[in-house]
file structure_17.txt (compact mmCIF, C-alpha atoms)
# COMPACT_ATOMS: atom_id res chain seq x y z
CA MET A 7 84.62 47.44 66.15
CA ARG A 8 81.97 44.92 65.13
CA ILE A 9 79.43 46.30 62.62
CA GLY A 10 76.70 44.27 60.99
CA ILE A 11 73.98 44.71 58.42
CA VAL A 12 71.29 42.14 59.16
CA TYR A 13 68.45 41.83 56.68
CA THR A 14 65.60 39.73 55.40
CA SER A 15 64.16 39.76 51.91
CA VAL A 16 61.54 37.88 49.95
CA SER A 17 61.40 39.69 46.62
CA GLY A 18 65.08 40.68 46.64
CA ASN A 19 64.38 44.40 47.10
CA THR A 20 65.57 44.61 50.70
CA GLU A 21 68.57 42.41 49.94
CA GLU A 22 69.54 44.75 47.10
CA LEU A 23 69.23 47.75 49.43
CA ALA A 24 71.30 45.97 52.11
CA ARG A 25 74.04 45.22 49.55
CA LEU A 26 74.08 48.85 48.40
CA LEU A 27 74.37 50.14 51.97
CA HIS A 28 77.13 47.61 52.66
CA GLU A 29 79.10 48.84 49.62
CA LEU A 30 78.67 52.45 50.72
CA LEU A 31 79.91 51.58 54.21
CA MET A 32 82.95 49.87 52.71
CA GLU A 33 83.66 52.98 50.63
CA GLN A 34 83.79 54.92 53.92
CA LYS A 35 86.37 52.40 55.21
CA PHE A 36 83.94 50.81 57.66
CA ARG A 37 84.22 47.04 57.67
CA SER A 38 80.86 45.42 58.17
CA GLN A 39 79.33 42.01 57.90
CA LEU A 40 76.37 41.54 55.57
CA ILE A 41 74.20 38.83 57.13
CA ASN A 42 70.86 37.33 56.17
CA ILE A 43 68.69 36.97 59.29
CA THR A 44 68.61 33.19 58.78
CA ASP A 45 72.40 33.14 59.32
CA PHE A 46 72.55 35.68 62.16
CA PRO A 47 73.35 34.31 65.63
CA VAL A 48 70.79 36.32 67.63
CA HIS A 49 72.43 35.21 70.88
CA GLU A 50 75.47 37.31 69.82
CA LEU A 51 73.44 40.50 69.33
CA ALA A 52 75.00 42.30 72.31
CA GLU A 53 78.49 41.65 70.94
CA TYR A 54 77.95 44.12 68.08
CA ASP A 55 78.93 47.76 68.40
CA ALA A 56 76.64 48.81 65.55
CA LEU A 57 73.85 47.14 63.61
CA ALA A 58 71.76 48.21 60.67
CA ILE A 59 68.58 46.19 60.37
CA GLY A 60 66.84 45.73 57.01
CA THR A 61 63.33 44.43 56.61
CA TYR A 62 60.40 44.30 54.27
CA THR A 63 56.88 44.78 55.60
CA TRP A 64 54.43 41.90 55.72
CA GLY A 65 50.64 41.80 55.67
CA ASP A 66 49.07 44.87 57.21
CA GLY A 67 52.31 46.61 58.16
CA GLU A 68 53.79 43.83 60.31
CA ILE A 69 57.31 42.64 60.90
CA PRO A 70 58.03 39.44 58.96
CA LEU A 71 57.98 36.26 61.04
CA GLU A 72 61.72 35.66 60.58
CA MET A 73 62.50 39.07 62.13
CA GLU A 74 60.46 38.59 65.31
CA THR A 75 63.27 36.94 67.28
CA ILE A 76 65.73 39.79 66.73
CA TYR A 77 62.96 42.34 67.30
CA ASN A 78 62.12 40.76 70.67
CA LYS A 79 65.83 40.58 71.55
CA PHE A 80 66.11 44.33 70.93
CA LYS A 81 63.08 44.90 73.20
CA ASP A 82 65.06 43.32 76.05
CA LEU A 83 68.54 44.63 75.13
CA ARG A 84 68.56 48.12 76.69
CA SER A 85 71.98 49.08 75.30
CA LYS A 86 72.37 52.78 74.59
CA GLU A 87 76.01 52.07 73.64
CA MET A 88 74.97 50.06 70.56
CA VAL A 89 74.49 52.27 67.49
CA THR A 90 71.61 51.12 65.32
CA ALA A 91 69.89 51.99 62.08
CA ILE A 92 66.77 50.61 60.42
CA PHE A 93 65.98 50.45 56.71
CA GLY A 94 63.44 48.75 54.55
CA THR A 95 61.61 48.53 51.30
CA GLY A 96 57.90 48.72 50.70
CA ASP A 97 55.10 49.56 48.32
CA ARG A 98 53.18 52.80 48.80
CA PHE A 99 50.12 51.02 47.45
CA TYR A 100 49.61 49.51 50.91
CA PRO A 101 48.19 51.63 53.77
CA HIS A 102 51.09 50.92 56.16
CA TYR A 103 54.03 51.72 53.86
CA CYS A 104 57.17 50.21 55.42
CA GLY A 105 55.28 49.61 58.64
CA ALA A 106 57.91 47.13 59.85
CA VAL A 107 60.52 49.90 59.65
CA ASP A 108 58.37 52.08 61.90
CA THR A 109 57.82 49.26 64.40
CA PHE A 110 61.55 48.52 64.61
CA LYS A 111 62.34 52.25 64.82
CA ASN A 112 60.22 52.63 67.93
CA VAL A 113 61.98 49.80 69.77
CA LEU A 114 65.47 50.79 68.62
CA LYS A 115 64.91 54.42 69.63
CA ILE A 116 64.03 53.38 73.18
CA ASN A 117 66.59 50.60 73.69
CA THR A 118 69.64 51.56 71.59
CA ASN A 119 71.44 54.56 70.13
CA LEU A 120 69.31 54.85 66.96
CA ALA A 121 71.10 56.89 64.33
CA VAL A 122 68.92 56.87 61.22
CA THR A 123 66.03 55.30 59.33
CA LEU A 124 65.48 54.77 55.62
CA LYS A 125 62.45 53.73 53.56
CA VAL A 126 62.74 52.90 49.87
CA GLU A 127 59.89 52.29 47.43
CA LEU A 128 60.27 48.76 46.04
CA LEU A 129 63.69 48.17 44.42
CA PRO A 130 66.36 50.84 45.06
CA GLN A 131 66.69 53.18 42.06
CA LYS A 132 69.26 55.82 41.06
CA ARG A 133 67.05 58.46 42.66
CA ASP A 134 67.48 56.67 46.02
CA LEU A 135 71.28 56.81 45.96
CA SER A 136 71.50 60.20 47.68
CA LYS A 137 69.19 58.97 50.49
CA CYS A 138 71.34 55.86 50.86
CA LYS A 139 74.52 57.92 51.05
CA LYS A 140 72.93 60.17 53.69
CA PHE A 141 71.85 57.08 55.66
CA VAL A 142 75.44 55.77 55.67
CA GLU A 143 76.82 59.23 56.52
CA LEU A 144 74.57 59.58 59.57
CA PHE A 145 75.17 55.98 60.65
CA THR A 146 78.96 56.30 60.44
CA LYS A 147 78.97 59.70 62.19
CA ARG A 148 77.05 58.19 65.09
CA ILE A 149 79.46 55.25 65.21
CA GLN A 150 82.44 57.63 65.31
CA THR A 151 80.80 59.72 68.02
CA SER A 152 80.19 56.62 70.12
CA LEU A 153 83.91 55.80 69.97
CA GLN A 154 84.89 59.09 71.59

call {"tool": "encode", "arguments": {"input": "structure_17.txt", "output": "structure tokens"}}
result
Amino acid sequence: MRIGIVYTSVSGNTEELARLLHELLMEQKFRSQLINITDFPVHELAEYDALAIGTYTWGDGEIPLEMETIYNKFKDLRSKEMVTAIFGTGDRFYPHYCGAVDTFKNVLKINTNLAVTLKVELLPQKRDLSKCKKFVELFTKRIQTSLQ
């Protein structure tokens, strides 16, 4: 089983969240690759059984430029066998809080087997740990279900 956590981060908040989710997956005995989008071979997207995508939100709720290629690849993928999840960090000060998460969610829901979404305010805090554990629980349950 090939599982990946692909993320982008500018401030470090989304990277920190990606690392936390990766650790929680490992605790559940799920081996996954933690990959910055700049190192992810988008042409291998369809070779993954499960992917969790992590992004920050740019400008007025948009997907960051470096995430557009993978976003467009998902638009064309049409693979209900691939289990996906989307997570991100944002600032509630802005009108489109974690807007990139919502945009990805819509495409993943249509084109893949979307398991779960997660939004975290700025840097993950102790209060977010239960949400992160629930995210991993739902993601791994969907992965297990897809194996049956």

call {"tool": "closest_residue", "arguments": {"input": "structure_17.txt", "among": "A:Val107, A:Leu135, A:Leu129, A:Ala56", "to": "Arg148 of chain A", "atoms": "all atoms listed in the file"}}
result
A:Ala56

call {"tool": "closest_residue", "arguments": {"input": "structure_17.txt", "among": "A:Gln34, A:Ser17, A:Asn78, A:Gln150", "to": "Asp97 of chain A", "atoms": "all atoms listed in the file"}}
result
A:Ser17

call {"tool": "residues_around", "arguments": {"input": "structure_17.txt", "residues": "Asn112 of chain A", "least_positions_apart": "3", "cutoff": "12 Å", "atoms": "all atoms listed in the file", "output": "list of chain:residue names"}}
result
A:Tyr77, A:Phe80, A:Lys81, A:Thr90, A:Ala91, A:Ile92, A:Gly105, A:Ala106, A:Val107, A:Asp108, A:Thr109, A:Lys115, A:Ile116, A:Asn117, A:Thr118, A:Asn119, A:Leu120, A:Val122, A:Thr123

call {"tool": "closest_residue", "arguments": {"input": "structure_17.txt", "among": "A:Pro47, A:Val89, A:Leu71, A:Gly60", "to": "Leu153 of chain A", "atoms": "all atoms listed in the file"}}
result
A:Val89

call {"tool": "atom_distance", "arguments": {"input": "structure_17.txt", "atom1": "atom CA of Leu51 of chain A", "atom2": "atom CA of Gly96 of chain A"}}
result
25.6 Å

call {"tool": "residues_near_point", "arguments": {"input": "structure_17.txt", "point": "(67.2, 51.0, 44.7)", "cutoff": "10 Å", "atoms": "all atoms listed in the file", "output": "MDAnalysis selection string"}}
result
chainID A and resid 19:20 22:24 26 95 126:135 138

call {"tool": "write_last_selection", "arguments": {"input": "structure_17.txt", "atoms": "C-alpha atoms", "output": "PDB file, in the frame of the given file"}}
result
ATOM      1  CA  ASN A  19      64.380  44.400  47.100  1.00  0.00           C
ATOM      2  CA  THR A  20      65.570  44.610  50.700  1.00  0.00           C
ATOM      3  CA  GLU A  22      69.540  44.750  47.100  1.00  0.00           C
ATOM      4  CA  LEU A  23      69.230  47.750  49.430  1.00  0.00           C
ATOM      5  CA  ALA A  24      71.300  45.970  52.110  1.00  0.00           C
ATOM      6  CA  LEU A  26      74.080  48.850  48.400  1.00  0.00           C
ATOM      7  CA  THR A  95      61.610  48.530  51.300  1.00  0.00           C
ATOM      8  CA  VAL A 126      62.740  52.900  49.870  1.00  0.00           C
ATOM      9  CA  GLU A 127      59.890  52.290  47.430  1.00  0.00           C
ATOM     10  CA  LEU A 128      60.270  48.760  46.040  1.00  0.00           C
ATOM     11  CA  LEU A 129      63.690  48.170  44.420  1.00  0.00           C
ATOM     12  CA  PRO A 130      66.360  50.840  45.060  1.00  0.00           C
ATOM     13  CA  GLN A 131      66.690  53.180  42.060  1.00  0.00           C
ATOM     14  CA  LYS A 132      69.260  55.820  41.060  1.00  0.00           C
ATOM     15  CA  ARG A 133      67.050  58.460  42.660  1.00  0.00           C
ATOM     16  CA  ASP A 134      67.480  56.670  46.020  1.00  0.00           C
ATOM     17  CA  LEU A 135      71.280  56.810  45.960  1.00  0.00           C
ATOM     18  CA  CYS A 138      71.340  55.860  50.860  1.00  0.00           C
TER      19      CYS A 138
END

call {"tool": "atom_distance", "arguments": {"input": "structure_17.txt", "atom1": "atom CA of Leu83 of chain A", "atom2": "atom CA of Ser152 of chain A"}}
result
17.5 Å

call {"tool": "atom_distance", "arguments": {"input": "structure_17.txt", "atom1": "atom CA of Leu30 of chain A", "atom2": "atom CA of Glu74 of chain A"}}
result
27.1 Å

call {"tool": "residues_around", "arguments": {"input": "structure_17.txt", "residues": "Thr61 of chain A", "least_positions_apart": "2", "cutoff": "8 Å", "atoms": "only C-alpha atoms", "output": "list in words"}}
result
Tyr13, Thr14, Ser15, Thr20, Ile59, Thr63, Ile69, Pro70, Met73, Phe93, Gly94, Thr95, Ala106 and Val107 of chain A

call {"tool": "residues_around", "arguments": {"input": "structure_17.txt", "residues": "Glu50 of chain A", "least_positions_apart": "4", "cutoff": "12 Å", "atoms": "all atoms listed in the file", "output": "list of chain:residue names"}}
result
A:Arg8, A:Gly10, A:Asp45, A:Phe46, A:Tyr54, A:Asp55, A:Leu57, A:Ile76, A:Lys79, A:Phe80, A:Leu83

call {"tool": "write_last_selection", "arguments": {"input": "structure_17.txt", "atoms": "C-alpha atoms", "output": "mmCIF file, in the coordinates of the input"}}
result
data_model
loop_
_atom_site.group_PDB
_atom_site.id
_atom_site.type_symbol
_atom_site.label_atom_id
_atom_site.label_comp_id
_atom_site.auth_asym_id
_atom_site.auth_seq_id
_atom_site.Cartn_x
_atom_site.Cartn_y
_atom_site.Cartn_z
ATOM 1 C CA ARG A 8 81.970 44.920 65.130
ATOM 2 C CA GLY A 10 76.700 44.270 60.990
ATOM 3 C CA ASP A 45 72.400 33.140 59.320
ATOM 4 C CA PHE A 46 72.550 35.680 62.160
ATOM 5 C CA TYR A 54 77.950 44.120 68.080
ATOM 6 C CA ASP A 55 78.930 47.760 68.400
ATOM 7 C CA LEU A 57 73.850 47.140 63.610
ATOM 8 C CA ILE A 76 65.730 39.790 66.730
ATOM 9 C CA LYS A 79 65.830 40.580 71.550
ATOM 10 C CA PHE A 80 66.110 44.330 70.930
ATOM 11 C CA LEU A 83 68.540 44.630 75.130
#

call {"tool": "closest_residue", "arguments": {"input": "structure_17.txt", "among": "A:Ser136, A:Glu33, A:Asn42, A:Asp82", "to": "Val12 of chain A", "atoms": "only C-alpha atoms"}}
result
A:Asn42

call {"tool": "residues_around", "arguments": {"input": "structure_17.txt", "residues": "His28 of chain A", "least_positions_apart": "5", "cutoff": "8 Å", "atoms": "all atoms listed in the file", "output": "mmCIF file with C-alpha atoms, in the coordinates of the input"}}
result
data_model
loop_
_atom_site.group_PDB
_atom_site.id
_atom_site.type_symbol
_atom_site.label_atom_id
_atom_site.label_comp_id
_atom_site.auth_asym_id
_atom_site.auth_seq_id
_atom_site.Cartn_x
_atom_site.Cartn_y
_atom_site.Cartn_z
ATOM 1 C CA ILE A 11 73.980 44.710 58.420
ATOM 2 C CA SER A 38 80.860 45.420 58.170
ATOM 3 C CA GLN A 39 79.330 42.010 57.900
ATOM 4 C CA LEU A 40 76.370 41.540 55.570
#

call {"tool": "decode", "arguments": {"input": "structure_17.txt", "residues": "segment 104-117 of chain A", "atoms": "all heavy atoms", "output": "compact mmCIF listing (two decimals), in the first residue's frame"}}
result
# COMPACT_ATOMS: atom_id res chain seq x y z
N CYS A 104 -9.26 29.14 5.27
CA CYS A 104 -8.89 27.84 4.69
C CYS A 104 -9.64 27.58 3.38
O CYS A 104 -10.05 26.44 3.09
CB CYS A 104 -9.11 26.71 5.68
SG CYS A 104 -7.95 26.70 7.05
N GLY A 105 -9.78 28.59 2.58
CA GLY A 105 -10.49 28.46 1.31
C GLY A 105 -9.89 27.43 0.38
O GLY A 105 -10.61 26.76 -0.37
N ALA A 106 -8.56 27.27 0.41
CA ALA A 106 -7.91 26.28 -0.44
C ALA A 106 -8.32 24.86 -0.05
O ALA A 106 -8.46 23.98 -0.90
CB ALA A 106 -6.39 26.42 -0.39
N VAL A 107 -8.56 24.65 1.24
CA VAL A 107 -9.03 23.33 1.71
C VAL A 107 -10.40 23.05 1.09
O VAL A 107 -10.64 21.94 0.59
CB VAL A 107 -9.09 23.28 3.25
CG1 VAL A 107 -9.79 22.01 3.73
CG2 VAL A 107 -7.68 23.38 3.84
N ASP A 108 -11.27 24.04 1.11
CA ASP A 108 -12.61 23.86 0.54
C ASP A 108 -12.55 23.59 -0.97
O ASP A 108 -13.28 22.74 -1.48
CB ASP A 108 -13.48 25.09 0.81
CG ASP A 108 -13.76 25.28 2.29
OD1 ASP A 108 -13.80 24.28 3.03
OD2 ASP A 108 -13.93 26.44 2.70
N THR A 109 -11.69 24.30 -1.67
CA THR A 109 -11.56 24.10 -3.12
C THR A 109 -11.07 22.70 -3.43
O THR A 109 -11.62 22.01 -4.30
CB THR A 109 -10.61 25.16 -3.71
OG1 THR A 109 -11.13 26.46 -3.42
CG2 THR A 109 -10.47 24.99 -5.21
N PHE A 110 -10.04 22.25 -2.72
CA PHE A 110 -9.54 20.88 -2.90
C PHE A 110 -10.61 19.86 -2.54
O PHE A 110 -10.79 18.87 -3.24
CB PHE A 110 -8.30 20.63 -2.04
CG PHE A 110 -7.01 20.69 -2.78
CD1 PHE A 110 -6.20 21.80 -2.70
CD2 PHE A 110 -6.58 19.63 -3.58
CE1 PHE A 110 -4.99 21.87 -3.37
CE2 PHE A 110 -5.39 19.67 -4.25
CZ PHE A 110 -4.58 20.81 -4.16
N LYS A 111 -11.32 20.12 -1.44
CA LYS A 111 -12.35 19.17 -0.98
C LYS A 111 -13.37 18.91 -2.08
O LYS A 111 -13.75 17.76 -2.32
CB LYS A 111 -13.05 19.72 0.27
CG LYS A 111 -14.17 18.83 0.78
CD LYS A 111 -14.86 19.43 1.97
CE LYS A 111 -15.86 20.43 1.49
NZ LYS A 111 -16.73 20.99 2.51
N ASN A 112 -13.80 19.95 -2.75
CA ASN A 112 -14.81 19.79 -3.80
C ASN A 112 -14.32 18.89 -4.93
O ASN A 112 -15.06 18.04 -5.41
CB ASN A 112 -15.23 21.16 -4.33
CG ASN A 112 -15.97 21.97 -3.29
OD1 ASN A 112 -16.55 21.44 -2.36
ND2 ASN A 112 -15.93 23.29 -3.44
N VAL A 113 -13.09 19.06 -5.35
CA VAL A 113 -12.54 18.24 -6.43
C VAL A 113 -12.28 16.81 -5.96
O VAL A 113 -12.58 15.84 -6.68
CB VAL A 113 -11.24 18.88 -6.99
CG1 VAL A 113 -10.45 17.89 -7.84
CG2 VAL A 113 -11.59 20.10 -7.79
N LEU A 114 -11.75 16.65 -4.76
CA LEU A 114 -11.47 15.31 -4.24
C LEU A 114 -12.76 14.52 -4.01
O LEU A 114 -12.80 13.31 -4.24
CB LEU A 114 -10.65 15.40 -2.95
CG LEU A 114 -9.25 15.98 -3.10
CD1 LEU A 114 -8.59 16.14 -1.72
CD2 LEU A 114 -8.39 15.15 -4.02
N LYS A 115 -13.80 15.20 -3.56
CA LYS A 115 -15.08 14.53 -3.31
C LYS A 115 -15.67 13.96 -4.60
O LYS A 115 -16.24 12.88 -4.61
CB LYS A 115 -16.06 15.50 -2.66
CG LYS A 115 -17.33 14.87 -2.19
CD LYS A 115 -18.18 15.87 -1.44
CE LYS A 115 -19.43 15.21 -0.89
NZ LYS A 115 -20.24 16.15 -0.13
N ILE A 116 -15.51 14.67 -5.68
CA ILE A 116 -16.05 14.23 -6.97
C ILE A 116 -15.19 13.14 -7.61
O ILE A 116 -15.71 12.18 -8.16
CB ILE A 116 -16.18 15.43 -7.93
CG1 ILE A 116 -17.26 16.39 -7.42
CG2 ILE A 116 -16.49 14.98 -9.35
CD1 ILE A 116 -17.26 17.73 -8.13
N ASN A 117 -13.86 13.28 -7.52
CA ASN A 117 -12.96 12.45 -8.31
C ASN A 117 -12.23 11.34 -7.56
O ASN A 117 -11.56 10.53 -8.20
CB ASN A 117 -11.92 13.33 -9.01
CG ASN A 117 -12.59 14.29 -9.97
OD1 ASN A 117 -13.53 13.94 -10.66
ND2 ASN A 117 -12.11 15.51 -10.01
